[in-house]
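Peer 1: Below is the file protein-v8.cif, with mmCIF, C-alpha atoms (C1' of nucleotides).
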data_upload
#
loop_
_atom_site.label_atom_id
_atom_site.label_comp_id
_atom_site.auth_asym_id
_atom_site.auth_seq_id
_atom_site.Cartn_x
_atom_site.Cartn_y
_atom_site.Cartn_z
CA MET I 1386 96.92 105.62 77.63
CA THR I 1387 95.77 106.08 81.18
CA GLY I 1388 96.03 109.85 81.38
CA THR I 1389 94.21 110.28 78.09
CA SER I 1390 90.73 111.65 78.28
CA SER I 1391 87.84 109.93 76.58
CA ARG I 1392 84.09 110.15 76.74
CA ARG I 1393 83.61 107.23 79.05
CA ARG I 1394 86.54 108.25 81.20
CA ASP I 1395 85.10 111.70 81.73
CA GLU I 1396 81.74 110.23 82.69
CA LEU I 1397 83.35 107.92 85.19
CA VAL I 1398 85.51 110.66 86.71
CA GLU I 1399 82.39 112.71 87.21
CA ALA I 1400 80.54 109.82 88.82
CA ALA I 1401 83.53 108.89 90.96
CA TYR I 1402 83.88 112.49 92.07
CA ALA I 1403 80.27 112.51 93.20
CA TYR I 1404 80.88 109.26 95.05
CA VAL I 1405 84.03 110.54 96.74
CA LEU I 1406 82.27 113.74 97.77
CA GLU I 1407 79.95 111.54 99.79
CA GLN I 1408 82.33 108.86 100.99
CA GLY I 1409 85.63 110.68 101.24
CA PHE I 1410 88.93 109.54 99.83
CA ALA I 1411 89.77 107.35 102.78
CA GLY I 1412 87.30 104.61 102.10
CA VAL I 1413 87.82 104.53 98.36
CA SER I 1414 88.49 101.05 97.14
CA LEU I 1415 88.04 99.91 93.60
CA ARG I 1416 85.22 97.43 93.92
CA PRO I 1417 82.75 99.58 95.90
CA VAL I 1418 83.47 102.59 93.71
CA ALA I 1419 82.98 100.55 90.56
CA LYS I 1420 79.72 99.15 91.83
CA ALA I 1421 78.42 102.57 92.87
CA ILE I 1422 79.15 104.23 89.57
CA GLY I 1423 78.11 101.34 87.37
CA SER I 1424 81.46 100.06 86.32
CA SER I 1425 83.92 97.35 87.23
CA THR I 1426 87.43 97.13 88.59
CA GLY I 1427 88.69 95.99 85.22
CA VAL I 1428 87.29 99.04 83.49
CA LEU I 1429 88.61 101.38 86.15
CA ARG I 1430 92.02 99.88 85.81
CA PHE I 1431 91.83 100.10 82.05
CA LEU I 1432 90.88 103.76 82.09
CA PHE I 1433 92.90 104.96 85.07
CA GLY I 1434 95.72 102.45 85.26
CA SER I 1435 95.56 101.95 88.97
CA ARG I 1436 93.80 102.99 92.12
CA ASP I 1437 96.21 105.88 92.49
CA GLY I 1438 95.44 106.91 88.93
CA LEU I 1439 91.75 107.06 89.76
CA ILE I 1440 92.44 109.10 92.86
CA ARG I 1441 94.59 111.51 90.91
CA ALA I 1442 91.84 111.91 88.32
CA VAL I 1443 89.22 112.60 90.97
CA LEU I 1444 91.53 114.99 92.77
CA ASP I 1445 92.10 116.87 89.53
CA ARG I 1446 88.36 117.08 89.10
CA ALA I 1447 88.06 118.41 92.64
CA ARG I 1448 90.70 121.04 92.06
CA GLN I 1449 88.89 122.19 88.98
CA ASP I 1450 85.77 122.52 91.10
CA GLU I 1451 87.65 124.48 93.73
CA LEU I 1452 89.01 126.91 91.18
CA SER I 1453 85.52 127.54 89.83
CA VAL I 1454 85.41 130.29 92.43
CA LEU I 1455 87.56 132.25 90.06
CA ASP I 1456 84.56 132.70 87.80
CA VAL I 1457 82.91 134.86 90.41
CA LEU I 1458 86.04 136.56 91.55
CA ASP I 1459 87.24 139.31 89.24
CA THR I 1460 90.44 140.20 91.02
CA ASP I 1461 90.73 143.39 88.99
CA THR I 1462 88.12 145.33 90.90
CA GLY I 1463 87.61 146.02 94.54
CA GLY I 1464 90.95 145.17 96.07
CA LEU I 1465 91.83 142.49 98.57
CA ALA I 1466 88.93 143.13 100.94
CA VAL I 1467 86.26 142.79 98.31
CA VAL I 1468 87.86 139.74 96.75
CA ALA I 1469 88.19 138.12 100.16
CA LEU I 1470 84.52 138.72 100.75
CA ARG I 1471 83.59 137.17 97.43
CA VAL I 1472 85.68 134.09 98.25
CA TRP I 1473 84.05 133.85 101.64
CA ASP I 1474 80.61 134.11 100.13
CA TRP I 1475 81.51 131.10 98.04
CA LEU I 1476 83.03 129.14 100.90
CA ARG I 1477 80.16 129.59 103.29
CA ARG I 1478 77.48 128.25 100.96
CA PRO I 1479 76.10 125.01 102.38
CA GLU I 1480 76.18 123.29 99.01
CA HIS I 1481 79.95 123.63 98.95
CA ARG I 1482 80.40 121.90 102.25
CA PRO I 1483 81.14 118.44 100.80
CA ALA I 1484 83.81 119.92 98.55
CA LEU I 1485 85.41 121.65 101.53
CA VAL I 1486 85.39 118.50 103.62
CA LEU I 1487 87.03 116.70 100.74
CA TRP I 1488 89.54 119.51 100.42
CA THR I 1489 90.44 119.10 104.08
CA GLU I 1490 90.90 115.39 103.68
CA SER I 1491 93.09 115.82 100.62
CA TYR I 1492 95.16 118.41 102.41
CA ALA I 1493 95.74 116.14 105.39
CA ALA I 1494 96.54 113.17 103.17
CA ALA I 1495 99.03 115.17 101.14
CA LEU I 1496 100.74 116.37 104.30
CA HIS I 1497 101.93 113.06 105.61
CA ASP I 1498 102.16 111.21 102.35
CA PRO I 1499 103.70 113.52 99.74
CA GLY I 1500 104.64 110.53 97.65
CA GLY I 1501 101.06 109.38 97.33
CA PRO I 1502 98.50 110.26 94.66
CA TRP I 1503 97.87 113.59 96.37
CA GLY I 1504 101.36 114.70 95.53
CA ASP I 1505 102.06 118.25 96.56
CA PHE I 1506 98.38 119.16 96.81
CA ALA I 1507 98.78 120.92 100.13
CA GLN I 1508 101.64 123.12 99.07
CA THR I 1509 100.12 123.87 95.69
CA THR I 1510 96.71 124.84 96.99
CA VAL I 1511 98.33 127.35 99.34
CA THR I 1512 100.51 129.00 96.75
CA ASP I 1513 97.70 128.98 94.18
CA TRP I 1514 95.44 130.88 96.49
CA LEU I 1515 98.14 133.24 97.62
CA ASP I 1516 98.66 134.09 93.96
CA ILE I 1517 94.95 134.67 93.47
CA LEU I 1518 94.76 136.95 96.48
CA GLY I 1519 97.96 138.66 95.43
CA ALA I 1520 96.34 139.61 92.15
CA ALA I 1521 93.84 141.65 94.12
CA GLN I 1522 96.51 143.62 95.94
CA PRO I 1523 97.85 146.91 94.68
CA ARG I 1524 100.98 146.51 92.63
CA SER I 1525 102.84 148.67 95.11
CA VAL I 1526 102.58 146.16 97.94
CA ARG I 1527 102.14 142.91 96.07
CA ASP I 1528 105.77 141.93 95.96
CA THR I 1529 106.74 143.21 99.38
CA ALA I 1530 107.05 141.20 102.55
CA PRO I 1531 104.16 143.08 104.21
CA GLY I 1532 102.04 142.40 101.14
CA ARG I 1533 102.77 138.69 101.25
CA ALA I 1534 102.05 138.67 104.95
CA GLN I 1535 98.75 140.40 104.41
CA ARG I 1536 97.42 137.95 101.85
CA THR I 1537 98.75 135.13 103.99
CA ALA I 1538 96.60 136.41 106.86
CA VAL I 1539 93.56 136.71 104.62
CA LEU I 1540 94.01 133.16 103.40
CA ALA I 1541 94.49 131.93 106.96
CA VAL I 1542 91.27 133.56 108.13
CA LEU I 1543 89.31 132.10 105.23
CA ARG I 1544 90.73 128.62 105.74
CA GLY I 1545 90.35 128.67 109.50
CA ALA I 1546 86.86 130.02 109.19
CA PHE I 1547 85.55 127.35 106.87
CA LEU I 1548 87.18 124.67 108.99
CA ASP I 1549 85.21 126.05 111.91
CA LEU I 1550 82.07 126.32 109.84
CA ILE I 1551 82.06 122.79 108.48
CA ALA I 1552 82.71 121.39 111.94
CA THR I 1553 80.30 123.43 114.02
CA GLY I 1554 77.79 124.69 111.47
CA ASP I 1555 77.59 127.92 113.43
CA ALA I 1556 77.18 130.17 110.42
CA ASN I 1557 76.30 133.33 112.35
CA ARG I 1558 79.35 133.36 114.57
CA VAL I 1559 81.82 132.44 111.86
CA ASP I 1560 80.32 134.74 109.28
CA ARG I 1561 80.52 137.63 111.68
CA ALA I 1562 84.13 136.83 112.50
CA VAL I 1563 85.15 136.84 108.86
CA ARG I 1564 83.26 140.01 108.00
CA GLU I 1565 84.69 141.93 110.90
CA TYR I 1566 88.16 140.80 110.01
CA ILE I 1567 87.69 141.87 106.43
CA LYS I 1568 86.55 145.28 107.64
CA THR I 1569 90.03 145.83 109.04
CA LEU I 1570 91.56 145.44 105.58
CA PRO I 1571 92.25 148.48 103.42
CA ARG I 1572 89.27 148.79 101.11
CA PHE I 1573 88.80 150.06 97.59
CA GLU I 1574 92.35 149.54 96.60
CA HIS I 1575 92.57 148.17 93.12
CA PRO I 1576 95.58 146.74 91.42
CA ILE I 1577 96.80 148.45 88.31
CA ARG I 1578 95.97 146.24 85.39
CA MET M 792 87.92 96.03 130.68
CA THR M 793 89.06 97.70 127.48
CA GLY M 794 88.86 101.30 128.60
CA THR M 795 90.64 100.58 131.86
CA SER M 796 94.13 101.90 132.15
CA SER M 797 96.99 99.68 133.15
CA ARG M 798 100.75 99.89 133.12
CA ARG M 799 101.23 97.95 129.92
CA ARG M 800 98.32 99.68 128.24
CA ASP M 801 99.79 103.08 128.97
CA GLU M 802 103.14 102.03 127.55
CA LEU M 803 101.53 100.74 124.39
CA VAL M 804 99.41 103.85 123.91
CA GLU M 805 102.55 105.90 124.16
CA ALA M 806 104.37 103.75 121.65
CA ALA M 807 101.38 103.65 119.32
CA TYR M 808 101.06 107.41 119.53
CA ALA M 809 104.68 107.79 118.47
CA TYR M 810 104.04 105.39 115.62
CA VAL M 811 100.91 107.22 114.47
CA LEU M 812 102.70 110.55 114.63
CA GLU M 813 104.99 109.18 111.97
CA GLN M 814 102.61 107.11 109.91
CA GLY M 815 99.33 108.92 110.29
CA PHE M 816 96.01 107.39 111.24
CA ALA M 817 95.16 106.37 107.70
CA GLY M 818 97.59 103.51 107.39
CA VAL M 819 97.06 102.16 110.87
CA SER M 820 96.37 98.48 110.82
CA LEU M 821 96.83 96.17 113.73
CA ARG M 822 99.64 93.95 112.58
CA PRO M 823 102.12 96.62 111.45
CA VAL M 824 101.40 98.70 114.55
CA ALA M 825 101.85 95.70 116.79
CA LYS M 826 105.13 94.79 115.14
CA ALA M 827 106.44 98.36 115.34
CA ILE M 828 105.71 98.78 119.02
CA GLY M 829 106.74 95.30 120.08
CA SER M 830 103.36 93.75 120.64
CA SER M 831 100.89 91.52 118.84
CA THR M 832 97.37 91.80 117.49
CA GLY M 833 96.11 89.56 120.25
CA VAL M 834 97.53 91.83 122.93
CA LEU M 835 96.23 94.97 121.24
CA ARG M 836 92.81 93.48 121.04
CA PHE M 837 92.99 92.36 124.63
CA LEU M 838 93.97 95.82 125.86
CA PHE M 839 91.94 97.99 123.47
CA GLY M 840 89.12 95.73 122.42
CA SER M 841 89.28 96.56 118.76
CA ARG M 842 91.07 98.61 116.18
CA ASP M 843 88.67 101.47 116.85
CA GLY M 844 89.45 101.18 120.54
CA LEU M 845 93.13 101.58 119.81
CA ILE M 846 92.48 104.58 117.61
CA ARG M 847 90.35 106.18 120.29
CA ALA M 848 93.08 105.63 122.85
CA VAL M 849 95.72 107.17 120.60
CA LEU M 850 93.44 110.07 119.75
CA ASP M 851 92.90 110.70 123.45
CA ARG M 852 96.63 110.71 123.91
CA ALA M 853 96.95 113.19 121.06
CA ARG M 854 94.32 115.48 122.54
CA GLN M 855 96.13 115.44 125.82
CA ASP M 856 99.28 116.47 123.94
CA GLU M 857 97.42 119.25 122.17
CA LEU M 858 96.09 120.62 125.41
CA SER M 859 99.58 120.71 126.90
CA VAL M 860 99.72 124.20 125.44
CA LEU M 861 97.58 125.22 128.36
CA ASP M 862 100.60 124.79 130.62
CA VAL M 863 102.29 127.73 128.92
CA LEU M 864 99.17 129.78 128.48
CA ASP M 865 97.99 131.51 131.61
CA THR M 866 94.79 133.00 130.27
CA ASP M 867 94.52 135.25 133.28
CA THR M 868 97.16 137.71 132.18
CA GLY M 869 97.69 139.65 129.04
CA GLY M 870 94.36 139.42 127.30
CA LEU M 871 93.45 137.83 123.99
CA ALA M 872 96.35 139.25 122.00
CA VAL M 873 99.01 137.96 124.35
CA VAL M 874 97.37 134.58 124.73
CA ALA M 875 97.03 134.27 120.96
CA LEU M 876 100.71 135.01 120.61
CA ARG M 877 101.60 132.38 123.17
CA VAL M 878 99.50 129.81 121.33
CA TRP M 879 101.12 130.77 118.07
CA ASP M 880 104.58 130.43 119.57
CA TRP M 881 103.65 126.89 120.46
CA LEU M 882 102.10 126.08 117.08
CA ARG M 883 104.96 127.35 115.02
CA ARG M 884 107.64 125.23 116.70
CA PRO M 885 109.00 122.68 114.24
CA GLU M 886 108.89 119.88 116.79
CA HIS M 887 105.12 120.21 116.98
CA ARG M 888 104.66 119.75 113.27
CA PRO M 889 103.88 116.02 113.42
CA ALA M 890 101.21 116.65 116.05
CA LEU M 891 99.63 119.32 113.87
CA VAL M 892 99.64 117.10 110.81
CA LEU M 893 97.97 114.43 112.89
CA TRP M 894 95.49 116.97 114.16
CA THR M 895 94.59 117.87 110.60
CA GLU M 896 94.10 114.26 109.67
CA SER M 897 91.90 113.61 112.69
CA TYR M 898 89.86 116.69 111.93
CA ALA M 899 89.27 115.61 108.35
CA ALA M 900 88.44 112.07 109.37
CA ALA M 901 85.95 113.26 111.98
CA LEU M 902 84.26 115.51 109.46
CA HIS M 903 83.05 112.89 107.06
CA ASP M 904 82.80 110.01 109.47
CA PRO M 905 81.28 111.27 112.72
CA GLY M 906 80.29 107.73 113.61
CA GLY M 907 83.87 106.51 113.51
CA PRO M 908 86.41 106.37 116.33
CA TRP M 909 87.10 110.07 115.89
CA GLY M 910 83.60 110.86 117.10
CA ASP M 911 82.96 114.56 117.35
CA PHE M 912 86.64 115.45 117.45
CA ALA M 913 86.28 118.27 114.94
CA GLN M 914 83.42 119.98 116.73
CA THR M 915 84.96 119.48 120.15
CA THR M 916 88.37 120.82 119.26
CA VAL M 917 86.79 124.00 117.95
CA THR M 918 84.63 124.67 120.97
CA ASP M 919 87.42 123.70 123.36
CA TRP M 920 89.72 126.27 121.86
CA LEU M 921 87.04 128.91 121.65
CA ASP M 922 86.54 128.42 125.37
CA ILE M 923 90.24 128.75 126.02
CA LEU M 924 90.46 131.94 124.02
CA GLY M 925 87.27 133.20 125.61
CA ALA M 926 88.88 132.90 129.02
CA ALA M 927 91.41 135.49 127.88
CA GLN M 928 88.77 138.00 126.88
CA PRO M 929 87.46 140.66 129.24
CA ARG M 930 84.32 139.57 131.01
CA SER M 931 82.49 142.47 129.46
CA VAL M 932 82.73 141.14 125.91
CA ARG M 933 83.14 137.43 126.52
CA ASP M 934 79.49 136.55 126.29
CA THR M 935 78.55 138.95 123.54
CA ALA M 936 78.21 138.21 119.86
CA PRO M 937 81.13 140.51 118.96
CA GLY M 938 83.24 138.77 121.60
CA ARG M 939 82.47 135.35 120.18
CA ALA M 940 83.20 136.62 116.69
CA GLN M 941 86.52 138.01 117.82
CA ARG M 942 87.81 134.81 119.35
CA THR M 943 86.46 132.93 116.34
CA ALA M 944 88.62 135.12 114.11
CA VAL M 945 91.65 134.59 116.30
CA LEU M 946 91.18 130.84 116.20
CA ALA M 947 90.69 130.96 112.44
CA VAL M 948 93.92 132.86 111.91
CA LEU M 949 95.85 130.46 114.12
CA ARG M 950 94.41 127.40 112.41
CA GLY M 951 94.77 128.74 108.91
CA ALA M 952 98.29 129.88 109.67
CA PHE M 953 99.56 126.55 110.88
CA LEU M 954 97.91 124.80 107.95
CA ASP M 955 99.90 127.11 105.71
CA LEU M 956 103.05 126.60 107.73
CA ILE M 957 103.02 122.82 107.77
CA ALA M 958 102.37 122.74 104.03
CA THR M 959 104.81 125.37 102.80
CA GLY M 960 107.30 125.61 105.64
CA ASP M 961 107.56 129.31 104.92
CA ALA M 962 108.00 130.36 108.52
CA ASN M 963 108.90 133.98 107.86
CA ARG M 964 105.86 134.82 105.79
CA VAL M 965 103.36 133.02 108.00
CA ASP M 966 104.87 134.25 111.23
CA ARG M 967 104.73 137.82 110.00
CA ALA M 968 101.10 137.39 108.96
CA VAL M 969 100.09 136.13 112.37
CA ARG M 970 101.99 138.77 114.30
CA GLU M 971 100.60 141.60 112.26
CA TYR M 972 97.11 140.25 112.69
CA ILE M 973 97.59 139.98 116.43
CA LYS M 974 98.76 143.59 116.51
CA THR M 975 95.28 144.64 115.42
CA LEU M 976 93.77 143.05 118.52
CA PRO M 977 93.08 145.14 121.62
CA ARG M 978 96.05 144.60 123.90
CA PHE M 979 96.53 144.53 127.65
CA GLU M 980 92.96 143.73 128.39
CA HIS M 981 92.70 141.21 131.17
CA PRO M 982 89.67 139.30 132.22
CA ILE M 983 88.44 139.77 135.75
CA ARG M 984 89.28 136.68 137.67
"C1'" DC A 1436 85.06 91.93 54.50
"C1'" DT A 1437 89.36 93.31 57.54
"C1'" DG A 1438 91.28 95.71 61.12
"C1'" DC A 1439 91.49 99.00 64.54
"C1'" DT A 1440 90.02 101.44 68.78
"C1'" DA A 1441 87.42 101.84 72.90
"C1'" DC A 1442 85.59 99.48 76.18
"C1'" DT A 1443 83.56 95.40 79.00
"C1'" DA A 1444 83.17 91.08 81.58
"C1'" DA A 1445 84.79 87.30 84.42
"C1'" DC A 1446 87.90 85.18 87.14
"C1'" DA A 1447 92.15 84.17 89.77
"C1'" DC A 1448 96.30 85.40 92.72
"C1'" DG A 1449 98.61 86.50 96.78
"C1'" DA A 1450 98.63 89.72 100.32
"C1'" DC A 1451 96.41 91.89 103.90
"C1'" DT A 1452 92.42 93.09 106.86
"C1'" DG A 1453 89.79 92.88 111.73
"C1'" DT A 1454 88.27 89.53 114.59
"C1'" DA A 1455 88.09 85.17 117.22
"C1'" DT A 1456 89.68 81.37 120.11
"C1'" DC A 1457 92.40 79.25 123.44
"C1'" DA A 1458 96.18 77.53 125.85
"C1'" DG A 1459 99.83 79.33 128.60
"C1'" DT A 1460 102.83 82.24 131.90
"C1'" DA A 1461 104.71 85.57 135.47
"C1'" DG A 1462 103.69 87.78 139.66
"C1'" DA A 1463 101.16 89.10 143.57
"C1'" DC A 1464 97.87 87.93 147.21
"C1'" DT A 1465 95.76 84.63 150.54
"C1'" DA O 364 99.90 75.46 147.68
"C1'" DG O 365 96.11 77.65 145.51
"C1'" DT O 366 93.99 81.28 142.97
"C1'" DC O 367 93.38 85.36 140.70
"C1'" DT O 368 94.80 89.10 137.49
"C1'" DA O 369 97.36 90.83 133.77
"C1'" DC O 370 99.29 89.68 129.91
"C1'" DT O 371 101.35 86.81 125.92
"C1'" DG O 372 101.66 83.78 121.81
"C1'" DA O 373 100.03 81.09 118.08
"C1'" DT O 374 96.88 79.89 114.90
"C1'" DA O 375 92.61 80.26 112.24
"C1'" DC O 376 88.68 82.31 109.60
"C1'" DA O 377 86.26 84.79 106.35
"C1'" DG O 378 86.42 88.75 103.87
"C1'" DT O 379 88.50 92.56 101.11
"C1'" DC O 380 92.32 94.65 98.96
"C1'" DG O 381 94.97 96.06 94.40
"C1'" DT O 382 96.48 93.87 90.56
"C1'" DG O 383 96.86 90.68 86.59
"C1'" DT O 384 95.18 87.92 82.80
"C1'" DT O 385 92.47 86.66 79.09
"C1'" DA O 386 88.66 86.65 76.14
"C1'" DG O 387 85.24 89.24 74.24
"C1'" DT O 388 82.00 93.01 71.93
"C1'" DA O 389 80.22 97.33 69.66
"C1'" DG O 390 81.25 100.76 66.43
"C1'" DC O 391 83.58 102.78 62.95
"C1'" DA O 392 87.37 103.37 58.98
"C1'" DG O 393 89.35 101.37 55.16
#
What is this file in structure tokens?

Peer 2:
Amino acid sequence: MTGTSSRRRDELVEAAYAYVLEQGFAGVSLRPVAKAIGSSTGVLRFLFGSRDGLIRAVLDRARQDELSVLDVLDTDTGGLAVVALRVWDWLRRPEHRPALVLWTESYAAALHDPGGPWGDFAQTTVTDWLDILGAAQPRSVRDTAPGRAQRTAVLAVLRGAFLDLIATGDANRVDRAVREYIKTLPRFEHPIR
Amino acid sequence: MTGTSSRRRDELVEAAYAYVLEQGFAGVSLRPVAKAIGSSTGVLRFLFGSRDGLIRAVLDRARQDELSVLDVLDTDTGGLAVVALRVWDWLRRPEHRPALVLWTESYAAALHDPGGPWGDFAQTTVTDWLDILGAAQPRSVRDTAPGRAQRTAVLAVLRGAFLDLIATGDANRVDRAVREYIKTLPRFEHPIR
DNA sequence: CTGCTACTAACACGACTGTATCAGTAGACT
DNA sequence: AGTCTACTGATACAGTCGTGTTAGTAGCAG
């Protein structure tokens, strides 16, 4: 009954997500969360089963937010370079900063505690994005080692760049770095549908 | 008296560092740490002042470990491409994985809690490494916007790549991505001493 | 009305947290 | 012998943690 969705549960996940975006996962304990979102530990435990259940629910909500980039992506046109640029334009927006900080925290937590509520978040988020980028590569290279290496590099630049950006805030320098890297990619390739 | 170094303090920092490399910073609480390293909460508080003091000491130790790459670096020869490759050869070694996981955790923690014991770790580690990479660039480009963008991209690739590596363990794919990226850098430039 | 579902409120339990206090010891220096 | 420094050990306090329990309500279906 704890994984089931319900009206109230959805509301509380949304509120808890907003709370965690501000406070981070680290400091999440039931009582403060409950107080902040207008609930109680009893209710949270009823709806989510446990603290880990709540964290899993919020993490799912965060993942869903992360994958909202896909709405603006359209991997069928423009090839890897254009898609990479669209992703970057999403990543660099200041309003996404809290989500990226939270992403970083989740990634780190998953790395040294794979048994925790984060599960295989780190591994999954890498392969998910590699798949997304792969969809923008021409069919001829997509399943080759060079093709995998290329999208791996693109992902690495994007990840490294936003890490830099959220730490230093130096948008000009980082933005320039990403754009000049993307320029080196083959442009106007499009995958065959 | 808490920041002062002493024989016993140094031993305990070393032991605590080893412990944190395994357990991560998140789960660090005084009693378990003390027990694991053969000490007690009273002693830890005497030598480090507080839990935050202990964390700062361990983080300092970790930073010192991270900067041990400099011993193998020699930014005076080979230019940015060669230096980047040397850094990558350090990052990709399996025995450095725990340190990189810890680095990621510290970075994330510093991002959403700049007032905590991590201080400005995230910002500092970026600028430190940009400086290191900058030292490998020719003097002619080092202080230009394109030069800064270039070392920013290099750092981004390295960071993104090891994030990928420690999550997926797919050494072949990631290694190939990094090497092929580095190939696109101007080679055999050396900075004027 | 009954009964069911979804949800809420209040309180208690044992474990664990960082911090505090204070008496005590081993070793070196004078 | 005296004193100082560095360190140890034990115990205590107040607070927070996740979890458990139990009783209760509002709304709707029959």

Peer 1: Could you list, as a list in words, every residue within 12 Å of DT374 of chain O, counting only C-alpha atoms (C1' of nucleotides) and ignoring same-chain residues fewer than 5 positions away?

Peer 2: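 Everything that qualifies: Gly833 of chain M; DA1455, DT1456, DC1457 and DA1458 of chain A.
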
Peer 1: For the point (99.4, 106.0, 124.1) in file coordinates, what residues are within 9 Å, counting all atoms listed in the file? Give the answer as an MDAnalysis selection string?

Peer 2: chainID M and resid 800:809 845 848:853

Peer 1: Go ahead and save the residues from that selection, with C-alpha atoms, as a CSV table (one decimal), in the frame of the given file.

Peer 2:
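result_18.csv, written as the output of this step:
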chain,number,residue,atom,x,y,z
M,800,ARG,CA,98.3,99.7,128.2
M,801,ASP,CA,99.8,103.1,129.0
M,802,GLU,CA,103.1,102.0,127.6
M,803,LEU,CA,101.5,100.7,124.4
M,804,VAL,CA,99.4,103.8,123.9
M,805,GLU,CA,102.6,105.9,124.2
M,806,ALA,CA,104.4,103.8,121.6
M,807,ALA,CA,101.4,103.6,119.3
M,808,TYR,CA,101.1,107.4,119.5
M,809,ALA,CA,104.7,107.8,118.5
M,845,LEU,CA,93.1,101.6,119.8
M,848,ALA,CA,93.1,105.6,122.8
M,849,VAL,CA,95.7,107.2,120.6
M,850,LEU,CA,93.4,110.1,119.8
M,851,ASP,CA,92.9,110.7,123.4
M,852,ARG,CA,96.6,110.7,123.9
M,853,ALA,CA,97.0,113.2,121.1

Peer 1: Within 9 Å of chain M, which residues of chain O are there when counting all atoms listed in the file? Please give them as an NGL selection string.

Peer 2: :O and (369-372)

Peer 1: Now that the selection is made, can you save its residues with C-alpha atoms (C1' of nucleotides) as a compact mmCIF listing (two decimals), keeping the file's coordinate frame?

Peer 2:
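Generated file (selection.txt):
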# COMPACT_ATOMS: atom_id res chain seq x y z
C1' DA O 369 97.36 90.83 133.77
C1' DC O 370 99.29 89.68 129.91
C1' DT O 371 101.35 86.81 125.92
C1' DG O 372 101.66 83.78 121.81

Peer 1: At most 12 Å from (106.3, 88.2, 136.9), file frame, all atoms listed in the file: which residues, as a list in words?

Peer 2: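 Residues lying no farther than 12 Å from the given point: DT1460, DA1461, DG1462 and DA1463 of chain A; DT368, DA369 and DC370 of chain O.
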
Peer 1: Applying the PyMOL selection byres ((chain O and resi 376) around 9) to the file I just gave you, which residues come out? Please list them as number ranges by chain.

Peer 2: A: 1454-1455; O: 375, 377-378

Peer 1: When you draw a straight line from atom CA of Arg1478 of chain I to atom CA of Asp1560 of chain I, how long is it in Å?

Peer 2: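 Atom CA of Asp1560 of chain I lies at a distance of 10.9 Å from atom CA of Arg1478 of chain I.
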
Peer 1: On this structure, the PyMOL selection byres ((chain I and resi 1448) around 12) would catch which residues? List them as a ChimeraX atom specification, sorted by chain and number.

Peer 2: /I:1402,1441-1447,1449-1455,1484-1485,1487-1488,1491-1492,1503,1506-1507,1509-1510,1513-1514

Peer 1: Return as a PyMOL selection string the set of residues that the PyMOL selection byres ((chain O and resi 381-386) around 12) yields on the displayed structure.

Peer 2: (chain I and resi 1413-1416+1426-1427+1429-1431+1434-1437) or (chain A and resi 1443-1451) or (chain O and resi 379-380+387-388)

Peer 1: So which one's closest to chain M, I:Val1405, I:Ala1538, I:Val1457, I:Ala1520? Using only C-alpha atoms, please.

Peer 2: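 Checking each of I:Val1405, I:Ala1538, I:Val1457, I:Ala1520 against chain M, counting only C-alpha atoms, the winner is I:Ala1538.
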
Peer 1: As an exercise, work out the distance from atom CA of Val878 of chain M to atom CA of Thr943 of chain M in Å and give it to one decimal place.

Peer 2: 14.3 Å

Peer 1: Would you work out the distance separating atom CA of Arg1533 of chain I from atom CA of Arg964 of chain M, expressed in Å to one decimal?

Peer 2: 6.7 Å
